file target_36.csv (CSV, C-alpha atoms)
chain,number,residue,atom,x,y,z
A,1,MET,CA,-34.0,-110.5,4.3
A,2,GLY,CA,-33.9,-107.3,6.4
A,3,GLY,CA,-32.0,-105.6,3.6
A,4,LEU,CA,-34.5,-106.7,0.9
A,5,GLY,CA,-37.3,-105.5,3.1
A,6,LEU,CA,-35.7,-102.0,3.5
A,7,LEU,CA,-35.0,-101.9,-0.3
A,8,PHE,CA,-38.6,-102.8,-1.2
A,9,ALA,CA,-40.0,-100.3,1.4
A,10,ALA,CA,-37.8,-97.6,-0.1
A,11,ALA,CA,-39.0,-98.4,-3.6
A,12,LEU,CA,-42.6,-98.3,-2.5
A,13,ALA,CA,-42.1,-94.9,-0.8
A,14,ILE,CA,-40.4,-93.5,-3.9
A,15,ALA,CA,-43.2,-94.8,-6.1
A,16,ASP,CA,-45.8,-93.3,-3.8
A,17,LYS,CA,-44.2,-89.9,-4.1
A,18,LYS,CA,-43.6,-90.1,-7.9
A,19,LEU,CA,-46.8,-91.7,-9.0
A,20,ARG,CA,-49.4,-90.2,-6.6
A,21,VAL,CA,-52.3,-88.6,-8.3
A,22,GLU,CA,-53.5,-85.6,-6.4
A,23,GLU,CA,-57.3,-85.6,-5.9
A,24,ASN,CA,-59.4,-82.4,-6.1
A,25,PRO,CA,-60.4,-81.8,-2.5
A,26,LEU,CA,-63.8,-80.7,-3.7
A,27,ILE,CA,-64.6,-84.3,-4.6
A,28,GLY,CA,-64.2,-85.4,-1.0
A,29,GLN,CA,-66.3,-82.4,0.3
A,30,ILE,CA,-69.2,-83.3,-2.1
A,31,HIS,CA,-68.9,-86.9,-1.2
A,32,GLU,CA,-69.3,-86.1,2.4
A,33,VAL,CA,-72.7,-84.3,1.9
A,34,LEU,CA,-74.1,-87.1,-0.2
A,35,PRO,CA,-76.4,-89.6,1.5
A,36,GLY,CA,-74.0,-92.5,1.0
A,37,ALA,CA,-76.7,-94.9,-0.3
A,38,ASN,CA,-74.7,-95.9,-3.4
A,39,CYS,CA,-77.9,-96.9,-5.1
A,40,GLY,CA,-77.0,-95.7,-8.6
A,41,ALA,CA,-80.2,-93.6,-8.9
A,42,CYS,CA,-78.0,-90.7,-10.2
A,43,GLY,CA,-76.9,-92.9,-13.1
A,44,TYR,CA,-73.4,-93.4,-11.8
A,45,ALA,CA,-71.6,-96.2,-10.0
A,46,GLY,CA,-72.1,-94.7,-6.5
A,47,CYS,CA,-71.9,-91.6,-4.5
A,48,TYR,CA,-68.1,-91.1,-4.9
A,49,ASP,CA,-68.4,-91.5,-8.7
A,50,PHE,CA,-71.3,-89.0,-8.7
A,51,ALA,CA,-69.1,-86.5,-6.8
A,52,VAL,CA,-66.3,-87.0,-9.3
A,53,GLN,CA,-68.7,-86.4,-12.2
A,54,VAL,CA,-70.2,-83.2,-10.6
A,55,VAL,CA,-66.7,-81.7,-10.1
A,56,GLU,CA,-65.7,-82.6,-13.7
A,57,GLY,CA,-68.9,-81.0,-15.0
A,58,ASN,CA,-70.5,-84.2,-16.3
A,59,ALA,CA,-73.4,-84.3,-13.7
A,60,GLN,CA,-75.8,-81.8,-12.4
A,61,CYS,CA,-75.8,-80.7,-8.7
A,62,SER,CA,-79.4,-81.8,-8.6
A,63,GLY,CA,-78.7,-85.3,-9.8
A,64,CYS,CA,-79.0,-87.1,-6.5
A,65,PRO,CA,-82.7,-88.1,-6.0
A,66,VAL,CA,-82.1,-89.7,-2.6
A,67,GLY,CA,-80.6,-86.6,-1.0
A,68,GLY,CA,-83.4,-84.4,-2.3
A,69,GLN,CA,-83.4,-80.6,-2.2
A,70,GLU,CA,-81.2,-80.3,0.9
A,71,THR,CA,-78.4,-82.3,-0.8
A,72,THR,CA,-78.8,-80.3,-4.0
A,73,ASP,CA,-78.4,-77.0,-2.1
A,74,GLU,CA,-75.3,-78.3,-0.3
A,75,VAL,CA,-73.6,-79.6,-3.5
A,76,SER,CA,-74.5,-76.4,-5.4
A,77,ALA,CA,-73.0,-74.3,-2.6
A,78,LEU,CA,-69.7,-76.3,-2.7
A,79,MET,CA,-69.6,-75.8,-6.4
A,80,GLY,CA,-70.3,-72.1,-6.1
A,81,MET,CA,-73.4,-72.4,-8.2
A,82,GLU,CA,-77.0,-71.3,-7.8
A,83,SER,CA,-79.1,-74.2,-6.5
A,84,ALA,CA,-81.7,-75.7,-8.8
A,85,GLU,CA,-85.0,-77.3,-8.0
A,86,ASN,CA,-84.7,-81.0,-7.3
A,87,ILE,CA,-87.7,-82.7,-8.9
A,88,ARG,CA,-88.7,-85.8,-6.9
A,89,TRP,CA,-89.2,-89.0,-8.9
A,90,ILE,CA,-91.2,-91.9,-7.7
A,91,ALA,CA,-91.7,-95.5,-8.8
A,92,ARG,CA,-95.2,-96.2,-10.3
A,93,VAL,CA,-96.6,-99.7,-10.7
A,94,LEU,CA,-98.4,-99.7,-14.1
A,95,CYS,CA,-100.5,-102.9,-13.7
A,96,ARG,CA,-103.9,-103.4,-12.0
A,97,GLY,CA,-104.1,-107.1,-12.8
A,98,GLY,CA,-104.0,-108.4,-9.2
A,99,LEU,CA,-105.5,-111.6,-7.8
A,100,ARG,CA,-109.1,-110.2,-8.3
A,101,GLU,CA,-108.7,-109.0,-11.9
A,102,ALA,CA,-106.1,-111.3,-13.6
A,103,HIS,CA,-107.4,-114.6,-15.0
A,104,CYS,CA,-105.4,-117.7,-14.0
A,105,ARG,CA,-104.4,-120.9,-15.8
A,106,GLU,CA,-106.5,-124.0,-15.4
A,107,THR,CA,-103.5,-125.8,-13.8
A,108,ASP,CA,-102.0,-124.2,-10.7
A,109,TYR,CA,-98.3,-123.2,-11.0
A,110,VAL,CA,-96.0,-125.2,-8.7
A,111,GLY,CA,-92.5,-123.9,-8.4
A,112,PRO,CA,-90.4,-120.9,-7.2
A,113,ARG,CA,-92.5,-117.8,-6.6
A,114,ASN,CA,-90.0,-115.2,-7.6
A,115,CYS,CA,-90.8,-113.2,-10.7
A,116,SER,CA,-87.5,-113.9,-12.5
A,117,VAL,CA,-88.3,-117.6,-12.6
A,118,GLN,CA,-92.0,-117.3,-13.3
A,119,ALA,CA,-91.3,-115.0,-16.3
A,120,VAL,CA,-89.4,-117.9,-17.8
A,121,VAL,CA,-91.5,-120.9,-16.9
A,122,GLY,CA,-94.8,-119.2,-16.6
A,123,GLY,CA,-96.8,-118.5,-13.5
A,124,ASN,CA,-100.5,-118.8,-12.5
A,125,LYS,CA,-101.7,-115.8,-14.5
A,126,VAL,CA,-102.6,-116.0,-18.2
A,127,CYS,CA,-101.4,-112.5,-19.1
A,128,ILE,CA,-97.8,-112.5,-20.3
A,129,TYR,CA,-97.5,-108.8,-19.8
A,130,GLY,CA,-98.7,-108.2,-16.3
A,131,CYS,CA,-97.4,-108.4,-12.7
A,132,LEU,CA,-96.3,-111.9,-11.7
A,133,GLY,CA,-96.8,-111.1,-8.0
A,134,GLY,CA,-93.5,-112.7,-6.8
A,135,GLY,CA,-92.3,-109.6,-5.1
A,136,ASP,CA,-88.8,-109.3,-6.7
A,137,CYS,CA,-89.3,-105.5,-6.7
A,138,VAL,CA,-90.0,-105.5,-3.0
A,139,GLU,CA,-86.8,-107.5,-2.3
A,140,ALA,CA,-84.8,-105.2,-4.5
A,141,CYS,CA,-85.9,-102.0,-2.8
A,142,GLY,CA,-83.3,-100.8,-0.2
A,143,PHE,CA,-85.6,-98.1,1.2
A,144,ASN,CA,-88.6,-100.2,2.3
A,145,ALA,CA,-90.7,-98.2,-0.2
A,146,LEU,CA,-92.6,-101.3,-1.7
A,147,PHE,CA,-94.8,-103.9,-0.2
A,148,MET,CA,-97.2,-106.6,-1.6
A,149,ASN,CA,-100.8,-105.6,-1.0
A,150,ASP,CA,-103.8,-107.9,-0.3
A,151,ASN,CA,-104.5,-108.0,-4.1
A,152,GLY,CA,-101.1,-109.5,-4.9
A,153,LEU,CA,-99.7,-106.4,-6.4
A,154,PRO,CA,-96.7,-104.2,-5.3
A,155,ALA,CA,-97.6,-100.9,-3.7
A,156,VAL,CA,-95.4,-97.9,-3.4
A,157,VAL,CA,-94.9,-95.9,-0.2
A,158,ASP,CA,-94.3,-92.5,-1.7
A,159,ALA,CA,-92.7,-91.1,1.5
A,160,PHE,CA,-89.9,-93.7,1.4
A,161,CYS,CA,-89.4,-93.9,-2.4
A,162,THR,CA,-86.2,-92.3,-3.7
A,163,GLY,CA,-86.7,-93.0,-7.4
A,164,CYS,CA,-83.5,-95.1,-7.4
A,165,GLY,CA,-84.9,-97.5,-10.0
A,166,MET,CA,-83.8,-100.7,-8.4
A,167,CYS,CA,-87.4,-102.0,-8.5
A,168,VAL,CA,-87.5,-101.2,-12.2
A,169,SER,CA,-84.4,-103.3,-12.9
A,170,ALA,CA,-85.8,-106.2,-10.8
A,171,CYS,CA,-89.1,-106.4,-12.7
A,172,PRO,CA,-88.9,-108.9,-15.6
A,173,ARG,CA,-92.2,-107.6,-17.1
A,174,GLY,CA,-91.3,-103.9,-17.1
A,175,ILE,CA,-94.4,-102.8,-15.3
A,176,ILE,CA,-92.7,-100.4,-13.0
A,177,GLU,CA,-91.5,-97.0,-14.2
A,178,ILE,CA,-90.1,-93.9,-12.5
A,179,HIS,CA,-92.2,-90.7,-12.9
A,180,PRO,CA,-92.3,-87.2,-11.4
A,181,GLU,CA,-94.2,-87.1,-8.1
A,182,ASP,CA,-96.9,-84.8,-9.4
A,183,ARG,CA,-97.7,-86.9,-12.4
A,184,THR,CA,-100.9,-88.8,-11.6
A,185,LEU,CA,-102.5,-90.0,-14.9
A,186,PHE,CA,-101.3,-93.3,-16.3
A,187,VAL,CA,-102.1,-96.2,-18.5
A,188,PHE,CA,-102.1,-99.0,-15.9
A,189,CYS,CA,-101.5,-101.8,-18.4
A,190,LYS,CA,-98.8,-103.2,-20.7
A,191,ASN,CA,-100.9,-105.6,-22.7
A,192,HIS,CA,-100.4,-105.5,-26.4
A,193,ASP,CA,-103.1,-108.0,-27.4
A,194,GLY,CA,-106.4,-107.1,-29.0
A,195,ALA,CA,-109.7,-106.8,-27.2
A,196,LYS,CA,-110.7,-110.5,-27.5
A,197,GLU,CA,-107.4,-111.8,-26.1
A,198,ALA,CA,-107.1,-109.1,-23.5
A,199,ASN,CA,-110.6,-109.7,-22.1
A,200,VAL,CA,-109.7,-113.4,-21.6
A,201,MET,CA,-106.5,-112.5,-19.7
A,202,CYS,CA,-107.5,-109.7,-17.3
A,203,ASP,CA,-110.5,-107.6,-16.4
A,204,ALA,CA,-108.3,-104.5,-16.0
A,205,ALA,CA,-106.5,-104.8,-19.3
A,206,CYS,CA,-106.3,-102.2,-22.1
A,207,ILE,CA,-108.3,-103.6,-24.9
A,208,GLY,CA,-106.8,-101.3,-27.6
A,209,CYS,CA,-110.1,-99.7,-28.5
A,210,GLY,CA,-108.4,-96.3,-29.1
A,211,ILE,CA,-111.2,-94.1,-27.6
A,212,CYS,CA,-108.7,-92.3,-25.4
A,213,ALA,CA,-106.4,-91.7,-28.4
A,214,ARG,CA,-109.1,-90.3,-30.7
A,215,LYS,CA,-110.2,-87.7,-28.1
A,216,SER,CA,-106.7,-86.7,-26.8
A,217,GLU,CA,-105.7,-84.3,-29.6
A,218,GLY,CA,-102.4,-86.2,-30.1
A,219,ALA,CA,-101.4,-86.7,-26.5
A,220,ILE,CA,-102.2,-90.4,-26.6
A,221,THR,CA,-101.3,-92.8,-29.4
A,222,MET,CA,-101.9,-96.5,-29.9
A,223,THR,CA,-98.7,-98.5,-30.2
A,224,ASP,CA,-99.2,-102.2,-30.8
A,225,GLN,CA,-102.8,-101.9,-29.5
A,226,LEU,CA,-101.7,-100.2,-26.3
A,227,ALA,CA,-102.4,-96.6,-25.3
A,228,VAL,CA,-99.2,-94.6,-24.8
A,229,ILE,CA,-99.3,-91.1,-23.2
A,230,ASP,CA,-97.1,-88.1,-24.4
A,231,TYR,CA,-97.1,-86.0,-21.2
A,232,GLY,CA,-95.7,-83.0,-23.0
A,233,LYS,CA,-99.0,-82.7,-24.9
A,234,LEU,CA,-101.4,-84.1,-22.3
A,235,ASP,CA,-104.6,-82.3,-21.2
A,236,PRO,CA,-106.4,-84.7,-18.9
A,237,SER,CA,-109.6,-82.6,-19.1
A,238,ILE,CA,-110.3,-83.9,-22.6
A,239,ILE,CA,-109.4,-87.5,-22.0
A,240,PRO,CA,-112.5,-89.6,-21.8
A,241,ILE,CA,-111.4,-91.6,-18.8
A,242,ASP,CA,-114.9,-92.5,-17.9
A,243,LYS,CA,-115.3,-94.3,-21.3
A,244,CYS,CA,-112.5,-96.7,-20.5
A,245,ARG,CA,-114.4,-99.9,-19.8
A,246,SER,CA,-111.7,-101.7,-17.9
A,247,GLY,CA,-110.3,-98.7,-16.1
A,248,ALA,CA,-106.8,-99.2,-17.7
A,249,ILE,CA,-106.3,-95.5,-18.0
A,250,GLY,CA,-106.9,-93.3,-15.0
A,251,TYR,CA,-105.5,-91.5,-12.0
A,252,LEU,CA,-103.5,-92.9,-9.1
A,253,GLN,CA,-105.8,-93.7,-6.2
A,254,GLY,CA,-106.7,-90.5,-4.4
A,255,LYS,CA,-104.4,-88.3,-6.5
A,256,LYS,CA,-106.6,-86.7,-9.1
A,257,PRO,CA,-105.3,-83.1,-9.4
A,258,ALA,CA,-107.7,-80.3,-8.7
A,259,GLY,CA,-106.7,-78.4,-11.8
A,260,GLY,CA,-106.8,-81.4,-14.0
A,261,LEU,CA,-103.5,-80.7,-15.9
A,262,GLN,CA,-100.4,-82.8,-15.8
A,263,PRO,CA,-97.1,-80.8,-15.8
A,264,SER,CA,-94.7,-81.3,-18.6
A,265,VAL,CA,-91.4,-82.5,-17.1
A,266,ASP,CA,-88.3,-83.4,-19.0
A,267,GLU,CA,-87.5,-87.1,-18.6
A,268,PRO,CA,-84.1,-87.7,-16.9
A,269,GLU,CA,-81.5,-89.4,-19.0
A,270,ASN,CA,-80.6,-92.0,-16.4
A,271,THR,CA,-84.0,-93.4,-15.5
call {"tool": "encode", "arguments": {"input": "target_36.csv", "output": "structure tokens"}}
result
Amino acid sequence: MGGLGLLFAAALAIADKKLRVEENPLIGQIHEVLPGANCGACGYAGCYDFAVQVVEGNAQCSGCPVGGQETTDEVSALMGMESAENIRWIARVLCRGGLREAHCRETDYVGPRNCSVQAVVGGNKVCIYGCLGGGDCVEACGFNALFMNDNGLPAVVDAFCTGCGMCVSACPRGIIEIHPEDRTLFVFCKNHDGAKEANVMCDAACIGCGICARKSEGAITMTDQLAVIDYGKLDPSIIPIDKCRSGAIGYLQGKKPAGGLQPSVDEPENT
């Protein structure tokens, strides 16, 4: 038995020497300066995988939204490259159909409150496009950047949000999206029904009237009776926001820009 043990140990030692794959030390150095959240916001499996992709030239030094500008500067320095601006991306809840606005079914829903179940069996709200209010997004957030407000809707704490997208993946209705921090004008609705049906479902629904699209000079189009914004063409100063009867299109609360213009930002490939 002792002899077999020595033989196997020797075989393993030889295999370790012959088959070992040398790792680029730069990968470990970059991995050390990353935040270690392993959230996948960069679009890769984790911080180590992101470090590998940076060294191999498949990912940008500014690709870690959690680390922010400081991490971008450190990774760029290790790569011997000039640091680029790290654009901060934040989750935005594009639904205003809370407890006060959304209409409910005549029969109260009795069952699990989580959104994933309600999306299948139906919840209290009539609208099949809006927030279900179960808080799956809050549970999915690893940075305490979301909470359910007193109107039954998830609210984002901008200071804590890293743009990792975990809340986006957790929402079965697709009402949460990741946008640049300085983008403030949105269509706060996902309803694709016409005016008659939308009015029955929610007081804050887009009714597909198309007024905003007709005045936007191509920046807003109507897709399946829902207004969709092309931020590359957007000039908020000509959008008749005050004409939107339900308030489905408008600014984030308290974040109307002084200049009125929304910056044109390239959408990230991995969000």
call {"tool": "residues_near_point", "arguments": {"input": "target_36.csv", "point": "(-104.8, -125.9, -12.6)", "cutoff": "12 Å", "atoms": "all atoms listed in the file", "output": "list in words"}}
result
His103, Cys104, Arg105, Glu106, Thr107, Asp108, Tyr109, Val110, Gly123, Asn124, Lys125 and Val126 of chain A
call {"tool": "write_last_selection", "arguments": {"input": "target_36.csv", "atoms": "C-alpha atoms", "output": "CSV table (one decimal), keeping the file's coordinate frame"}}
result
chain,number,residue,atom,x,y,z
A,103,HIS,CA,-107.4,-114.6,-15.0
A,104,CYS,CA,-105.4,-117.7,-14.0
A,105,ARG,CA,-104.4,-120.9,-15.8
A,106,GLU,CA,-106.5,-124.0,-15.4
A,107,THR,CA,-103.5,-125.8,-13.8
A,108,ASP,CA,-102.0,-124.2,-10.7
A,109,TYR,CA,-98.3,-123.2,-11.0
A,110,VAL,CA,-96.0,-125.2,-8.7
A,123,GLY,CA,-96.8,-118.5,-13.5
A,124,ASN,CA,-100.5,-118.8,-12.5
A,125,LYS,CA,-101.7,-115.8,-14.5
A,126,VAL,CA,-102.6,-116.0,-18.2
call {"tool": "atom_distance", "arguments": {"input": "target_36.csv", "atom1": "CA of Glu74 in chain A", "atom2": "CA of Pro180 in chain A"}}
result
22.2 Å
call {"tool": "closest_residue", "arguments": {"input": "target_36.csv", "among": "A:Gly250, A:Thr71, A:Gly194, A:Leu132", "to": "Cys212 in chain A", "atoms": "all atoms listed in the file"}}
result
A:Gly250
call {"tool": "residues_around", "arguments": {"input": "target_36.csv", "residues": "Asn24 in chain A", "least_positions_apart": "3", "cutoff": "9 Å", "atoms": "all atoms listed in the file", "output": "list in words"}}
result
Ile27, Gly28, Val52 and Val55 of chain A
call {"tool": "atom_distance", "arguments": {"input": "target_36.csv", "atom1": "CA of Asp224 in chain A", "atom2": "CA of Glu101 in chain A"}}
result
22.2 Å
call {"tool": "atom_distance", "arguments": {"input": "target_36.csv", "atom1": "CA of Val138 in chain A", "atom2": "CA of Asp150 in chain A"}}
result
14.3 Å
call {"tool": "residues_around", "arguments": {"input": "target_36.csv", "residues": "range 75-81 of chain A", "least_positions_apart": "3", "cutoff": "6 Å", "atoms": "all atoms listed in the file", "output": "MDAnalysis selection string"}}
result
chainID A and resid 30 61 72
call {"tool": "closest_residue", "arguments": {"input": "target_36.csv", "among": "A:Lys190, A:Glu197, A:Pro35, A:Val66", "to": "Phe160 in chain A", "atoms": "all atoms listed in the file"}}
result
A:Val66
call {"tool": "closest_atom_pairs", "arguments": {"input": "target_36.csv", "of": "range 31-141 of chain A", "to": "range 167-179 of chain A", "cutoff": "12 Å", "atoms": "all atoms listed in the file", "output": "CSV"}}
result
residue,atom,partner,partner_atom,distance
A:Cys39,CA,A:Cys167,CA,11.3
A:Gly40,CA,A:Ser169,CA,11.4
A:Ala41,CA,A:Ile178,CA,10.5
A:Pro65,CA,A:Ile178,CA,11.4
A:Ile87,CA,A:His179,CA,10.0
A:Arg88,CA,A:His179,CA,8.5
A:Trp89,CA,A:His179,CA,5.3
A:Ile90,CA,A:Ile178,CA,5.3
A:Ala91,CA,A:Ile178,CA,4.3
A:Arg92,CA,A:Glu177,CA,5.4
A:Val93,CA,A:Ile176,CA,4.6
A:Leu94,CA,A:Ile175,CA,5.2
A:Cys95,CA,A:Ile175,CA,6.3
A:Arg96,CA,A:Ile175,CA,10.1
A:Gly97,CA,A:Ile175,CA,10.9
A:Asn114,CA,A:Cys171,CA,10.2
A:Cys115,CA,A:Pro172,CA,6.8
A:Ser116,CA,A:Pro172,CA,6.0
A:Val117,CA,A:Pro172,CA,9.2
A:Gln118,CA,A:Pro172,CA,9.2
A:Ala119,CA,A:Pro172,CA,6.6
A:Val120,CA,A:Pro172,CA,9.3
A:Gly122,CA,A:Arg173,CA,11.9
A:Cys127,CA,A:Arg173,CA,10.6
A:Ile128,CA,A:Arg173,CA,8.1
A:Tyr129,CA,A:Arg173,CA,6.1
A:Gly130,CA,A:Arg173,CA,6.6
A:Cys131,CA,A:Arg173,CA,6.9
A:Leu132,CA,A:Arg173,CA,8.0
A:Gly133,CA,A:Cys171,CA,10.2
A:Gly134,CA,A:Cys171,CA,9.7
A:Gly135,CA,A:Cys171,CA,8.8
A:Asp136,CA,A:Ala170,CA,6.0
A:Cys137,CA,A:Cys167,CA,4.4
A:Val138,CA,A:Cys167,CA,7.0
A:Glu139,CA,A:Cys167,CA,8.3
A:Ala140,CA,A:Cys167,CA,5.7
A:Cys141,CA,A:Cys167,CA,5.9
call {"tool": "axis_aligned_box", "arguments": {"input": "target_36.csv", "around": "range 145-158 of chain A", "padding_each_side": "8 Å", "output": "lines of an AutoDock Vina configuration file"}}
result
center_x = -97.6
center_y = -101.0
center_z = -3.3
size_x = 29.8
size_y = 33.0
size_z = 22.2
call {"tool": "build_atoms", "arguments": {"input": "target_36.csv", "residues": "range 207-224 of chain A", "atoms": "N, CA, C and O atoms", "output": "CSV table (one decimal), keeping the file's coordinate frame"}}
result
chain,number,residue,atom,x,y,z
A,207,ILE,N,-107.8,-102.8,-23.8
A,207,ILE,CA,-108.3,-103.6,-24.9
A,207,ILE,C,-107.9,-103.0,-26.3
A,207,ILE,O,-108.4,-103.6,-27.3
A,208,GLY,N,-107.2,-101.9,-26.3
A,208,GLY,CA,-106.8,-101.3,-27.6
A,208,GLY,C,-107.9,-100.7,-28.4
A,208,GLY,O,-107.8,-100.6,-29.6
A,209,CYS,N,-109.0,-100.3,-27.7
A,209,CYS,CA,-110.1,-99.7,-28.5
A,209,CYS,C,-109.8,-98.4,-29.1
A,209,CYS,O,-110.4,-98.0,-30.1
A,210,GLY,N,-108.9,-97.6,-28.5
A,210,GLY,CA,-108.4,-96.3,-29.1
A,210,GLY,C,-109.3,-95.1,-28.8
A,210,GLY,O,-109.1,-94.0,-29.4
A,211,ILE,N,-110.3,-95.3,-27.9
A,211,ILE,CA,-111.2,-94.1,-27.6
A,211,ILE,C,-110.4,-93.0,-27.0
A,211,ILE,O,-110.6,-91.8,-27.4
A,212,CYS,N,-109.5,-93.3,-26.1
A,212,CYS,CA,-108.7,-92.3,-25.4
A,212,CYS,C,-107.8,-91.5,-26.4
A,212,CYS,O,-107.6,-90.3,-26.4
A,213,ALA,N,-107.3,-92.3,-27.4
A,213,ALA,CA,-106.4,-91.7,-28.4
A,213,ALA,C,-107.2,-90.8,-29.3
A,213,ALA,O,-106.7,-89.7,-29.7
A,214,ARG,N,-108.4,-91.1,-29.7
A,214,ARG,CA,-109.1,-90.3,-30.7
A,214,ARG,C,-109.6,-89.0,-30.0
A,214,ARG,O,-109.7,-88.0,-30.8
A,215,LYS,N,-109.7,-88.9,-28.7
A,215,LYS,CA,-110.2,-87.7,-28.1
A,215,LYS,C,-109.0,-86.9,-27.5
A,215,LYS,O,-109.3,-85.8,-26.9
A,216,SER,N,-107.8,-87.3,-27.6
A,216,SER,CA,-106.7,-86.7,-26.8
A,216,SER,C,-106.0,-85.6,-27.6
A,216,SER,O,-105.1,-85.0,-27.0
A,217,GLU,N,-106.3,-85.4,-28.8
A,217,GLU,CA,-105.7,-84.3,-29.6
A,217,GLU,C,-104.2,-84.6,-29.7
A,217,GLU,O,-103.3,-83.7,-29.6
A,218,GLY,N,-103.8,-85.8,-29.9
A,218,GLY,CA,-102.4,-86.2,-30.1
A,218,GLY,C,-101.6,-86.5,-28.9
A,218,GLY,O,-100.4,-86.9,-29.0
A,219,ALA,N,-102.2,-86.4,-27.7
A,219,ALA,CA,-101.4,-86.7,-26.5
A,219,ALA,C,-101.3,-88.2,-26.2
A,219,ALA,O,-100.5,-88.6,-25.5
A,220,ILE,N,-102.3,-89.0,-26.8
A,220,ILE,CA,-102.2,-90.4,-26.6
A,220,ILE,C,-102.2,-91.1,-28.0
A,220,ILE,O,-103.0,-90.7,-28.9
A,221,THR,N,-101.3,-92.0,-28.2
A,221,THR,CA,-101.3,-92.8,-29.4
A,221,THR,C,-101.4,-94.3,-29.1
A,221,THR,O,-101.1,-94.7,-28.0
A,222,MET,N,-101.8,-95.0,-30.1
A,222,MET,CA,-101.9,-96.5,-29.9
A,222,MET,C,-100.7,-97.1,-30.5
A,222,MET,O,-100.4,-96.9,-31.7
A,223,THR,N,-99.9,-97.8,-29.7
A,223,THR,CA,-98.7,-98.5,-30.2
A,223,THR,C,-98.9,-100.0,-29.9
A,223,THR,O,-99.0,-100.4,-28.7
A,224,ASP,N,-99.0,-100.8,-30.9
A,224,ASP,CA,-99.2,-102.2,-30.8
A,224,ASP,C,-100.5,-102.5,-29.9
A,224,ASP,O,-100.4,-103.3,-29.0
